[in-house]
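Here is target_22.txt, consisting of compact mmCIF, C-alpha atoms:
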```txt
# COMPACT_ATOMS: atom_id res chain seq x y z
CA MET A 1156 -19.54 -26.42 345.86
CA ASP A 1157 -18.91 -27.79 349.34
CA GLY A 1158 -22.22 -26.93 350.91
CA GLY A 1159 -25.81 -28.17 350.59
CA ASN A 1160 -26.59 -31.28 348.59
CA HIS A 1161 -23.03 -31.64 347.27
CA SER A 1162 -21.24 -31.96 350.62
CA ALA A 1163 -21.25 -35.78 350.52
CA VAL A 1164 -19.23 -35.88 347.28
CA SER A 1165 -16.14 -33.65 347.18
CA GLU A 1166 -14.34 -35.32 344.28
CA ILE A 1167 -15.01 -37.48 341.24
CA VAL A 1168 -12.86 -40.49 340.36
CA LEU A 1169 -12.14 -40.83 336.64
CA LEU A 1170 -11.38 -44.26 335.19
CA GLY A 1171 -9.77 -42.76 332.09
CA LEU A 1172 -9.56 -44.24 328.62
CA THR A 1173 -7.74 -47.49 329.34
CA GLN A 1174 -6.01 -49.43 332.10
CA SER A 1175 -3.26 -50.70 329.80
CA ARG A 1176 0.05 -49.02 330.67
CA GLU A 1177 1.43 -49.46 327.15
CA LEU A 1178 -1.65 -47.90 325.59
CA GLN A 1179 -1.54 -45.07 328.13
CA LEU A 1180 2.02 -44.23 327.10
CA LEU A 1181 1.03 -44.25 323.43
CA LEU A 1182 -1.94 -41.98 324.14
CA LEU A 1183 0.31 -39.71 326.21
CA VAL A 1184 2.68 -39.15 323.29
CA ILE A 1185 -0.06 -38.71 320.66
CA SER A 1186 -2.24 -36.47 322.84
CA SER A 1187 0.69 -34.26 323.86
CA VAL A 1188 1.82 -33.77 320.26
CA LEU A 1189 -1.71 -33.02 319.03
CA TYR A 1190 -2.36 -30.63 321.94
CA LEU A 1191 0.81 -28.64 321.31
CA ALA A 1192 0.12 -28.60 317.57
CA SER A 1193 -3.47 -27.46 318.15
CA MET A 1194 -2.43 -24.64 320.47
CA THR A 1195 0.31 -23.52 318.08
CA GLY A 1196 -1.81 -23.69 314.92
CA ASN A 1197 -4.88 -21.96 316.34
CA THR A 1198 -2.81 -19.29 318.09
CA LEU A 1199 -0.99 -18.58 314.84
CA ILE A 1200 -4.29 -18.22 312.97
CA VAL A 1201 -5.72 -15.80 315.56
CA PHE A 1202 -2.49 -13.78 315.58
CA SER A 1203 -2.23 -13.75 311.76
CA VAL A 1204 -5.81 -12.55 311.28
CA SER A 1205 -5.37 -9.90 313.97
CA THR A 1206 -2.13 -8.44 312.62
CA ASP A 1207 -2.19 -8.99 308.85
CA PRO A 1208 -4.20 -6.34 306.91
CA HIS A 1209 -4.68 -8.82 304.03
CA LEU A 1210 -6.88 -10.95 306.32
CA HIS A 1211 -9.12 -8.19 307.62
CA SER A 1212 -12.28 -9.57 306.03
CA PRO A 1213 -15.48 -11.18 307.42
CA MET A 1214 -14.43 -14.71 306.44
CA TYR A 1215 -11.12 -14.50 308.31
CA PHE A 1216 -12.72 -12.70 311.25
CA LEU A 1217 -15.07 -15.66 311.74
CA LEU A 1218 -12.19 -18.09 311.19
CA ALA A 1219 -10.22 -16.35 313.93
CA GLY A 1220 -13.26 -16.67 316.19
CA LEU A 1221 -13.41 -20.39 315.44
CA SER A 1222 -9.69 -20.80 316.14
CA PHE A 1223 -10.06 -18.91 319.42
CA ILE A 1224 -12.86 -21.22 320.55
CA ASP A 1225 -10.76 -24.22 319.45
CA LEU A 1226 -8.04 -23.01 321.83
CA GLY A 1227 -10.60 -23.40 324.58
CA ALA A 1228 -11.88 -26.73 323.22
CA CYS A 1229 -8.46 -28.35 323.42
CA SER A 1230 -7.68 -26.77 326.82
CA VAL A 1231 -10.79 -27.75 328.80
CA THR A 1232 -10.18 -31.51 328.93
CA SER A 1233 -6.86 -32.27 327.18
CA PRO A 1234 -4.39 -30.98 329.84
CA LYS A 1235 -6.22 -32.92 332.56
CA MET A 1236 -6.36 -36.04 330.39
CA ILE A 1237 -2.63 -35.81 329.57
CA TYR A 1238 -1.75 -35.23 333.23
CA ASP A 1239 -3.89 -38.19 334.34
CA LEU A 1240 -2.09 -40.51 331.94
CA PHE A 1241 0.87 -40.17 334.32
CA LYS A 1242 -1.27 -41.11 337.33
CA LYS A 1243 -2.82 -44.32 338.50
CA HIS A 1244 -5.46 -42.62 340.66
CA LYS A 1245 -7.32 -40.02 338.61
CA VAL A 1246 -9.58 -37.56 340.45
CA ILE A 1247 -11.18 -34.17 339.90
CA SER A 1248 -12.93 -32.01 342.48
CA PHE A 1249 -16.70 -31.76 342.26
CA GLY A 1250 -16.42 -28.04 341.61
CA GLY A 1251 -13.83 -28.69 338.91
CA CYS A 1252 -16.17 -31.24 337.36
CA ILE A 1253 -19.03 -28.74 337.20
CA THR A 1254 -16.68 -26.10 335.74
CA GLN A 1255 -15.49 -28.54 333.08
CA ILE A 1256 -19.08 -29.35 332.06
CA PHE A 1257 -19.93 -25.64 331.91
CA PHE A 1258 -17.08 -24.79 329.53
CA ILE A 1259 -17.60 -27.90 327.39
CA HIS A 1260 -21.17 -26.86 326.63
CA VAL A 1261 -20.30 -23.18 326.21
CA ILE A 1262 -17.60 -24.05 323.67
CA GLY A 1263 -19.86 -26.53 321.87
CA GLY A 1264 -22.68 -23.99 321.60
CA VAL A 1265 -20.38 -21.20 320.41
CA GLU A 1266 -18.74 -23.40 317.79
CA MET A 1267 -22.09 -24.51 316.35
CA VAL A 1268 -23.25 -20.92 315.90
CA LEU A 1269 -19.89 -19.88 314.42
CA LEU A 1270 -20.03 -22.71 311.89
CA MET A 1271 -23.51 -21.54 310.85
CA ALA A 1272 -22.26 -17.95 310.62
CA MET A 1273 -19.39 -19.12 308.39
CA ALA A 1274 -21.89 -20.98 306.18
CA PHE A 1275 -23.97 -17.79 305.90
CA ASP A 1276 -20.83 -15.83 305.02
CA ARG A 1277 -20.05 -18.22 302.17
CA TYR A 1278 -23.67 -18.11 300.98
CA VAL A 1279 -23.60 -14.32 300.74
CA ALA A 1280 -20.14 -14.30 299.11
CA ILE A 1281 -21.15 -16.82 296.43
CA CYS A 1282 -24.86 -16.17 295.87
CA LYS A 1283 -25.02 -12.42 296.62
CA PRO A 1284 -21.51 -11.16 295.77
CA LEU A 1285 -22.60 -7.59 294.98
CA HIS A 1286 -24.18 -7.25 298.43
CA TYR A 1287 -21.42 -9.05 300.34
CA LEU A 1288 -19.69 -6.03 301.91
CA SER A 1289 -23.00 -4.43 302.92
CA VAL A 1290 -24.45 -7.63 304.40
CA MET A 1291 -21.28 -8.94 306.05
CA SER A 1292 -20.36 -5.60 307.59
CA PRO A 1293 -18.07 -5.36 310.65
CA ARG A 1294 -21.19 -4.77 312.75
CA MET A 1295 -22.78 -7.98 311.45
CA CYS A 1296 -19.60 -9.97 312.16
CA VAL A 1297 -19.45 -8.68 315.74
CA LEU A 1298 -23.16 -9.47 316.11
CA PHE A 1299 -22.56 -13.06 314.96
CA LEU A 1300 -19.73 -13.45 317.47
CA ALA A 1301 -21.70 -11.93 320.35
CA THR A 1302 -24.74 -14.08 319.52
CA ALA A 1303 -22.58 -17.22 319.44
CA TRP A 1304 -21.17 -16.54 322.91
CA ALA A 1305 -24.55 -15.53 324.35
CA LEU A 1306 -26.28 -18.67 323.05
CA GLY A 1307 -23.39 -20.89 324.16
CA ILE A 1308 -23.51 -19.53 327.72
CA ILE A 1309 -27.32 -19.74 327.88
CA HIS A 1310 -27.26 -23.33 326.62
CA SER A 1311 -24.63 -24.31 329.20
CA LEU A 1312 -26.47 -22.62 332.09
CA PHE A 1313 -29.67 -24.36 330.98
CA GLN A 1314 -27.89 -27.73 331.19
CA LEU A 1315 -26.42 -26.97 334.61
CA ALA A 1316 -29.82 -25.88 335.90
CA PHE A 1317 -30.81 -29.57 335.81
CA LEU A 1318 -27.62 -30.68 337.53
CA ILE A 1319 -26.94 -28.22 340.38
CA PRO A 1320 -30.03 -29.01 342.57
CA LEU A 1321 -29.40 -32.77 342.53
CA PRO A 1322 -28.07 -34.59 345.64
CA PHE A 1323 -24.75 -36.41 345.18
CA CYS A 1324 -23.94 -38.80 348.02
CA GLY A 1325 -22.09 -41.56 346.17
CA PRO A 1326 -20.93 -43.42 344.14
CA ASN A 1327 -18.43 -40.99 342.67
CA VAL A 1328 -16.79 -42.95 339.83
CA LEU A 1329 -17.05 -41.87 336.17
CA ASP A 1330 -15.97 -44.26 333.44
CA SER A 1331 -14.45 -41.49 331.35
CA PHE A 1332 -11.44 -39.17 331.13
CA TYR A 1333 -13.53 -36.02 331.64
CA CYS A 1334 -16.77 -34.95 333.33
CA ASP A 1335 -19.52 -35.99 330.98
CA LEU A 1336 -22.94 -34.54 331.89
CA PRO A 1337 -25.07 -37.63 331.07
CA ARG A 1338 -22.75 -39.90 333.07
CA LEU A 1339 -22.60 -37.49 336.01
CA LEU A 1340 -26.39 -37.31 336.14
CA ARG A 1341 -26.50 -41.08 336.66
CA LEU A 1342 -24.40 -40.67 339.83
CA ALA A 1343 -27.06 -38.56 341.59
CA CYS A 1344 -28.78 -40.09 344.62
CA THR A 1345 -32.21 -39.84 343.02
CA ASP A 1346 -34.05 -40.99 339.93
CA THR A 1347 -32.69 -38.91 337.06
CA TYR A 1348 -34.08 -40.83 334.09
CA GLY A 1349 -36.37 -37.96 333.14
CA LEU A 1350 -33.57 -35.41 333.50
CA GLN A 1351 -31.20 -37.54 331.45
CA PHE A 1352 -33.82 -37.69 328.71
CA MET A 1353 -34.38 -33.92 328.80
CA VAL A 1354 -30.64 -33.12 328.72
CA THR A 1355 -30.03 -35.56 325.88
CA VAL A 1356 -32.99 -34.25 323.90
CA ASN A 1357 -31.89 -30.66 324.48
CA SER A 1358 -28.31 -31.21 323.30
CA GLY A 1359 -29.34 -33.73 320.66
CA PHE A 1360 -31.99 -31.44 319.20
CA ILE A 1361 -29.54 -28.54 319.00
CA CYS A 1362 -26.86 -30.72 317.37
CA VAL A 1363 -29.20 -32.38 314.87
CA GLY A 1364 -30.98 -29.13 314.06
CA SER A 1365 -27.73 -27.22 313.54
CA PHE A 1366 -26.25 -30.03 311.44
CA PHE A 1367 -29.25 -30.19 309.11
CA VAL A 1368 -29.36 -26.40 308.75
CA LEU A 1369 -25.69 -26.48 307.74
CA LEU A 1370 -26.21 -29.48 305.46
CA ILE A 1371 -29.10 -27.83 303.62
CA SER A 1372 -27.25 -24.53 303.30
CA TYR A 1373 -24.12 -26.17 301.88
CA VAL A 1374 -26.18 -28.23 299.41
CA PHE A 1375 -27.79 -25.00 298.21
CA ILE A 1376 -24.41 -23.26 297.95
CA PHE A 1377 -22.83 -26.21 296.11
CA PHE A 1378 -25.73 -26.14 293.65
CA SER A 1379 -25.15 -22.42 293.06
CA VAL A 1380 -21.42 -23.01 292.52
CA TRP A 1381 -22.08 -25.94 290.20
CA LYS A 1382 -24.02 -23.68 287.83
CA HIS A 1383 -20.84 -21.65 287.24
CA SER A 1384 -17.61 -22.88 285.67
CA SER A 1385 -15.25 -19.98 286.27
CA GLY A 1386 -11.98 -19.96 288.19
CA ALA A 1387 -13.70 -18.06 290.99
CA SER A 1388 -16.20 -20.89 291.31
CA SER A 1389 -13.36 -23.38 291.56
CA LYS A 1390 -11.81 -21.34 294.36
CA ALA A 1391 -15.20 -21.12 296.10
CA LEU A 1392 -15.63 -24.89 295.81
CA SER A 1393 -12.24 -25.45 297.45
CA THR A 1394 -13.17 -23.11 300.33
CA LEU A 1395 -16.55 -24.81 300.76
CA SER A 1396 -15.00 -28.26 300.88
CA ALA A 1397 -12.81 -27.11 303.77
CA HIS A 1398 -15.88 -25.81 305.62
CA VAL A 1399 -17.82 -29.03 305.05
CA THR A 1400 -14.87 -31.14 306.28
CA VAL A 1401 -14.69 -29.13 309.51
CA VAL A 1402 -18.47 -29.48 310.01
CA ILE A 1403 -18.34 -33.26 309.59
CA PHE A 1404 -15.43 -33.67 312.01
CA PHE A 1405 -17.16 -31.49 314.61
CA PHE A 1406 -20.71 -32.81 314.38
CA GLY A 1407 -19.94 -36.49 313.72
CA PRO A 1408 -18.81 -37.47 317.25
CA THR A 1409 -21.27 -35.05 318.92
CA LEU A 1410 -24.25 -36.44 317.04
CA PHE A 1411 -23.23 -39.99 317.91
CA VAL A 1412 -22.88 -39.24 321.65
CA TYR A 1413 -26.24 -37.47 321.98
CA THR A 1414 -28.33 -39.69 319.69
CA TRP A 1415 -26.83 -43.12 320.45
CA PRO A 1416 -29.60 -45.25 322.04
CA HIS A 1417 -27.31 -47.08 324.51
CA PRO A 1418 -26.18 -44.62 327.25
CA ASN A 1419 -23.80 -47.14 328.82
CA SER A 1420 -21.80 -47.55 325.62
CA GLN A 1421 -18.04 -47.08 325.96
CA MET A 1422 -17.83 -45.56 322.49
CA ASP A 1423 -18.75 -42.03 323.59
CA LYS A 1424 -15.61 -41.45 325.64
CA TYR A 1425 -13.41 -42.46 322.70
CA LEU A 1426 -15.36 -40.26 320.32
CA ALA A 1427 -14.94 -37.38 322.80
CA ILE A 1428 -11.23 -37.43 321.93
CA PHE A 1429 -12.19 -36.07 318.50
CA ASP A 1430 -13.84 -32.96 319.94
CA SER A 1431 -11.19 -32.40 322.63
CA VAL A 1432 -7.96 -33.24 320.78
CA ILE A 1433 -8.29 -34.13 317.11
CA THR A 1434 -10.83 -31.58 315.79
CA PRO A 1435 -9.00 -28.51 317.24
CA PHE A 1436 -5.86 -29.85 315.56
CA LEU A 1437 -7.51 -30.54 312.20
CA ASN A 1438 -9.31 -27.18 311.88
CA PRO A 1439 -6.15 -25.05 311.40
CA VAL A 1440 -4.62 -27.77 309.20
CA ILE A 1441 -7.68 -27.89 306.92
CA TYR A 1442 -8.06 -24.12 306.63
CA THR A 1443 -4.37 -23.34 306.12
CA PHE A 1444 -3.68 -26.12 303.62
CA ARG A 1445 -6.71 -25.09 301.54
CA ASN A 1446 -6.13 -21.34 301.67
CA LYS A 1447 -3.22 -19.63 299.92
CA GLU A 1448 -3.86 -16.27 301.59
CA MET A 1449 -3.77 -17.82 305.06
CA LYS A 1450 -0.57 -19.73 304.29
CA ALA A 1451 1.08 -16.57 302.98
CA ALA A 1452 -0.03 -14.58 306.04
CA MET A 1453 1.27 -17.24 308.43
CA LYS A 1454 4.61 -17.25 306.62
CA ARG A 1455 4.81 -13.47 306.98
CA VAL A 1456 4.04 -13.73 310.69
CA CYS A 1457 6.71 -16.41 311.17
CA LYS A 1458 9.28 -14.25 309.32
CA GLN A 1459 8.41 -11.24 311.46
CA MET A 1460 8.79 -13.31 314.62
CA THR A 1461 12.17 -14.61 313.41
CA ILE A 1462 13.39 -11.08 312.65
CA TYR A 1463 12.16 -9.84 316.02
CA ARG A 1464 14.02 -12.64 317.81
CA LYS A 1465 17.24 -11.84 315.96
CA ILE A 1466 16.95 -8.14 316.83
CA SER A 1467 16.17 -8.81 320.49
```
Kindly return the structure encoded in the file as structure tokens.
Amino acid sequence: MDGGNHSAVSEIVLLGLTQSRELQLLLLVISSVLYLASMTGNTLIVFSVSTDPHLHSPMYFLLAGLSFIDLGACSVTSPKMIYDLFKKHKVISFGGCITQIFFIHVIGGVEMVLLMAMAFDRYVAICKPLHYLSVMSPRMCVLFLATAWALGIIHSLFQLAFLIPLPFCGPNVLDSFYCDLPRLLRLACTDTYGLQFMVTVNSGFICVGSFFVLLISYVFIFFSVWKHSSGASSKALSTLSAHVTVVIFFFGPTLFVYTWPHPNSQMDKYLAIFDSVITPFLNPVIYTFRNKEMKAAMKRVCKQMTIYRKIS
């Protein structure tokens, strides 16, 4: 990224979350604990689903895919944020900034599609139980996963297509702890109002559209569950509530950032902590606490690891 229009700016200065040293230390402790917990929890879910035959089903396959993408979500910005809390002067190379933006949008796009795939899985399981195994076949699950990654990459490349040709000759200061695309666009040495509007509309339309599709689907599923009063329906309701909780935590901050009418608001960088630190931590907590099979599988994995350590 050193040639052409980008040669004038080789690095981006990040102002971070706060200038208060006491608050930085508090954020350092909290962020480090949440990051380690997120990595541990999501890794354990992926490993449990991969190795435990009891979890070889479409629902857990998609859950493992979500946990895998959450590993990326908490690794794109969190390590850099935690490291910068030690430093007074926070910088990132221009190439690193572009890379960070690319993976942020890839992960966001993949997670949206996976959440919709998980909603479809629950719809088929509850409303079409006799056709569940034929509809949610291994081929369909792999197709969902491949589609999620393809759409996430296409969405991210589409966003970067607006950014790459722009000239950046200064200033180079971002009032954030990570490279945020709308803020970076405002640093370009040209009028980017139209581009900012297009990028915001693109991401905002995808977020709002996906959220309402999920909302409508879950309302329909809840209505179907409400018509039954069996123990199976109670179990389905518990599973659905976990899904809805994850959807709200994921889409809440994202919707605010891309639909908030004041682009200079400081709120977006604080809400970004949810998507980068808190949501990847809450997802495994929500799914494991609400699911007896997952808790049992994780206990079996932990026992196997303990036995293996004793033997070795």
In Å to one decimal, how far is atom CA of A:Thr1355 from atom CA of A:Thr1173?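 Between these atoms lies a distance of 25.5 Å.
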For A:Phe1323, list every protein, DNA or RNA residue within 6 Å, evaluated using all atoms listed in the file, and leave out those in the same chain fewer than 2 positions away; present the list as a PDB file with C-alpha atoms, in the coordinates of the input.
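What follows is the written file out-v1.pdb:
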```pdb
ATOM      1  CA  HIS A1161     -23.030 -31.640 347.270  1.00  0.00           C
ATOM      2  CA  VAL A1164     -19.230 -35.880 347.280  1.00  0.00           C
ATOM      3  CA  GLY A1325     -22.090 -41.560 346.170  1.00  0.00           C
ATOM      4  CA  ALA A1343     -27.060 -38.560 341.590  1.00  0.00           C
ATOM      5  CA  CYS A1344     -28.780 -40.090 344.620  1.00  0.00           C
TER       6      CYS A1344
END
```
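Close to (-7.0, -12.0, 308.6), meaning no more than 8 Å away when counting all atoms listed in the file, sit the residues Ser1203, Val1204, Ser1205, Thr1206, Asp1207, Pro1208, His1209, Leu1210, His1211, Ser1212, Tyr1215, Phe1216, Ala1219, Met1449 and Ala1452 of chain A.
Here atom CA of A:Pro1435 is placed at a distance of 5.7 Å from atom CA of A:Ser1193.
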Would you list the contacts of A:Thr1232 as a list of chain:residue names, taking every protein, DNA or RNA residue within 10 Å and counting only C-alpha atoms, but skipping same-chain residues closer than 3 positions in sequence?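 In the requested format, the answer is A:Gly1227, A:Ala1228, A:Cys1229, A:Lys1235, A:Met1236, A:Ile1237, A:Gln1255, A:Ile1256, A:Phe1258, A:Ile1259, A:Phe1332, A:Tyr1333, A:Cys1334, A:Ala1427, A:Ile1428, A:Asp1430, A:Ser1431, A:Val1432.
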